[in-house]
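Engineer: Right, I'll just put the structure down here and ask away after.
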Amino acid sequence: MQAVEGTLLLVEDDLTLAAALEHRLRRSRFKVLHAASGRAAFSVFDAGEPDLVILDLMLPDVPGEEVLDWVRENSNIPVIIISAKSAESDRIGTLNNGADDYITKPLSLSELEARIRAVLRRSWISTENDDNGNGSAHRSRSELSYGGITLGLSTREVWLDGERLEVSPIEFKLLRVLTERGGSAVSVEQIIRSVWSYDGYDRHIVESNIHRLRHKIEEDPRHPRRLVTVRGFGYKLVDLDGRA
């Protein structure tokens with residue numbers, strides 16, 4: 001018997017498309033759970049413990065955006081959006097709200113499978129790093145800390161010098177990438193690949209999220225000292241207590 005590559009939750013109300021996707025993904029050794037509505041997705045998610053969610057935005061009951069919010073409140077697993085909404089504002093808004101990838105319909109089954117494997121690979125590598133204790137920042141199974149910033153990896157909470165911060169899912173991912181590198185510069189391209197799972201994605205989205213983060217972690221966001229720009233390259237966190 002062949003090993004399963006991972007468990008996927010497909011949230012799609014188009015039954016013809018769902019059947020085609022299930023057939024292709026099962027042939028590729030994925031276990032596929034299907035929900036034809038948002039409310040069904042909540043039940044299947046809790047019972048099936050998927051490794052990744054494939055989510056249509058246009059569902060018959062609960063909007064896909066609300067399903068994404070619910071998943072992000074309850075889990076850190078990756079979410080790939082498949083949607084007929086092709087406007088840039090829809091793509092950027094959904095990615096900013098915590099989606100890991102966005103594919104417009106009509107979609108290529110081969111491309112979807114490749115995107116699933118790429119997102120899962122990044123997710124599993126990140127999980128292995130959390131458990132192995134590698135890297136320059138302090139790691140534990142449940143927390144990641146550097147320079148006064150602490151991330152709760154399972155709860156998706158952030159603390160700055162012991163005080164809890166309210167951050168968006170994308171801001172959490174961005175802080176995680178920077179905290180994992182603990183004082184080392186991270187290129188814009190690496191941030192884009194790690195946070196949005198794209199190569200060459202518009203860097204302005206990075207700048208806008210850096211701007212928002214600075215207003216949450218800097219005393220003076222106009223003159224940042226904790227989250228600094230490395231000119232011509234990217235960004236890095238600075239330990240203001242001088243331990244790095």
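Residue numbers start at 1 in each chain; chains themselves are named A, B, ... in the order of the structure tokens; ligands are numbered from 1 in the order shown.
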I'd like the contact shell of Arg212 in chain A - 12 Å cut-off, only C-alpha atoms, skipping same-chain residues fewer than 5 positions apart - returned as a ChimeraX atom specification.
Structural biologist: /A:96,166-168,170-172,174-175,205-207,217-218,221-222,224,227
Engineer: Based on DSSP run over this structure's backbone, return all residues of range 51-199 of chain A in alpha helix (DSSP H), as a short mmCIF file (atom, residue, chain, number, x, y, z; two decimals) with C-alpha atoms, in the first residue's frame.
Structural biologist:
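This is the output file part.cif:
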```cif
data_model
loop_
_atom_site.label_atom_id
_atom_site.label_comp_id
_atom_site.auth_asym_id
_atom_site.auth_seq_id
_atom_site.Cartn_x
_atom_site.Cartn_y
_atom_site.Cartn_z
CA GLY A 64 -14.93 31.78 1.84
CA GLU A 65 -13.29 34.78 3.47
CA GLU A 66 -15.09 33.90 6.72
CA VAL A 67 -13.96 30.29 6.44
CA LEU A 68 -10.38 31.54 6.02
CA ASP A 69 -10.73 33.73 9.12
CA TRP A 70 -12.08 30.76 11.09
CA VAL A 71 -9.23 28.49 9.99
CA ARG A 72 -6.68 31.14 10.94
CA GLU A 73 -8.26 31.55 14.37
CA ASN A 74 -8.08 27.82 15.00
CA GLU A 88 -5.69 42.22 -7.79
CA SER A 89 -7.53 43.62 -4.74
CA ASP A 90 -9.13 40.21 -4.10
CA ARG A 91 -5.79 38.40 -4.37
CA ILE A 92 -3.86 40.83 -2.20
CA GLY A 93 -6.63 41.16 0.38
CA THR A 94 -6.96 37.41 0.80
CA LEU A 95 -3.20 36.88 1.01
CA ASN A 96 -2.96 39.64 3.59
CA LEU A 109 -4.82 20.61 -12.15
CA SER A 110 -1.07 20.16 -12.65
CA GLU A 111 -0.35 23.67 -11.37
CA LEU A 112 -2.63 23.17 -8.37
CA GLU A 113 -0.87 19.95 -7.44
CA ALA A 114 2.53 21.64 -7.78
CA ARG A 115 1.40 24.55 -5.60
CA ILE A 116 0.03 22.13 -2.97
CA ARG A 117 3.34 20.28 -2.79
CA ALA A 118 5.32 23.54 -2.60
CA VAL A 119 3.18 24.98 0.22
CA LEU A 120 3.20 21.70 2.15
CA ARG A 121 6.97 21.44 1.77
CA ARG A 122 7.45 24.91 3.26
CA SER A 123 5.00 24.14 6.05
CA TRP A 124 6.66 20.85 7.01
CA ILE A 125 10.18 22.31 6.84
CA SER A 126 9.06 25.12 9.14
CA THR A 127 7.53 22.61 11.57
CA GLU A 128 10.69 20.52 11.59
CA ASN A 129 12.75 23.62 12.36
CA ASP A 130 10.46 24.46 15.29
CA ASP A 131 10.98 20.98 16.76
CA ASN A 132 14.71 20.55 16.08
CA PRO A 169 -2.02 36.53 10.07
CA ILE A 170 0.36 37.99 7.49
CA GLU A 171 2.09 40.15 10.11
CA PHE A 172 2.53 37.01 12.23
CA LYS A 173 4.15 35.17 9.30
CA LEU A 174 6.40 38.13 8.57
CA LEU A 175 7.49 38.40 12.19
CA ARG A 176 8.12 34.66 12.26
CA VAL A 177 10.46 34.81 9.25
CA LEU A 178 12.41 37.70 10.78
CA THR A 179 12.49 36.20 14.28
CA GLU A 180 13.72 32.84 12.99
CA VAL A 188 12.78 40.87 0.21
CA GLU A 189 12.70 37.89 -2.14
CA GLN A 190 13.05 35.43 0.75
CA ILE A 191 10.30 37.18 2.68
CA ILE A 192 8.02 36.95 -0.36
CA ARG A 193 8.72 33.24 -0.82
CA SER A 194 8.29 32.44 2.87
CA VAL A 195 5.20 34.55 3.58
CA TRP A 196 3.29 34.49 0.28
#
```
Engineer: Compile the contact shell of Ala19 in chain A as a list of chain:residue names: residues with an atom at most 12 Å away, counting only C-alpha atoms, same-chain residues fewer than 4 positions apart removed.
Structural biologist: A:Leu10, A:Val11, A:Glu12, A:Asp13, A:Asp14, A:Leu15, A:His23, A:Arg24, A:Leu25, A:Arg26, A:Val32, A:Leu33, A:His34, A:Ala35, A:Ala36, A:Leu109
Engineer: Find the residue from A:His223, A:Leu9, A:Lys105, A:Ile77 that sits nearest to Ser154 in chain A; use only C-alpha atoms when measuring.
Structural biologist: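 Once distances to Ser154 in chain A are computed over only C-alpha atoms, the minimum belongs to A:Ile77.
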Engineer: Would you please work out which residue, of A:Arg225, A:Ser83, A:Pro60, A:Leu237, is nearest to Leu107 in chain A when using only C-alpha atoms?
Structural biologist: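 Closest to Leu107 in chain A of all the choices is A:Ser83.
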Engineer: Pick out each residue of range 2-155 of chain A that DSSP on the backbone tags as strand (DSSP E or B); I need them as a ChimeraX atom specification.
Structural biologist: /A:6-11,30-35,52-56,79-83,101-104,138-139,143-146,149-152
Engineer: So which one's closest to Arg27 in chain A, A:Ser184, A:Trp159, A:Leu55, A:Glu5? Using only C-alpha atoms, please.
Structural biologist: A:Glu5
Engineer: For each of A:Ile82, A:Glu157, A:Ser37, A:Arg231, take the minimum atom-to-atom distance to Leu21 in chain A, counting only C-alpha atoms, then give the residue where this is smallest.
Structural biologist: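 That would be A:Ile82, the residue with the smallest distance to Leu21 in chain A.
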Engineer: Report the distance between CA of Leu8 in chain A and CA of Phe30 in chain A in Å, rounded to one decimal place.
Structural biologist: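 Between these atoms lies a distance of 6.9 Å.
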Engineer: Under the rule that only C-alpha atoms are counted, which of A:Glu163, A:Asp241, A:Asp56, A:Asp51 is the nearest residue to Ala84 in chain A?
Structural biologist: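 Ranking A:Glu163, A:Asp241, A:Asp56, A:Asp51 by distance to Ala84 in chain A, first place goes to A:Asp56.
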Engineer: Report, in Å to a single decimal, how far apart CA of Ala99 in chain A and CA of Ile54 in chain A are.
Structural biologist: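 Calculated distance between CA of Ile54 in chain A and CA of Ala99 in chain A is 10.0 Å.
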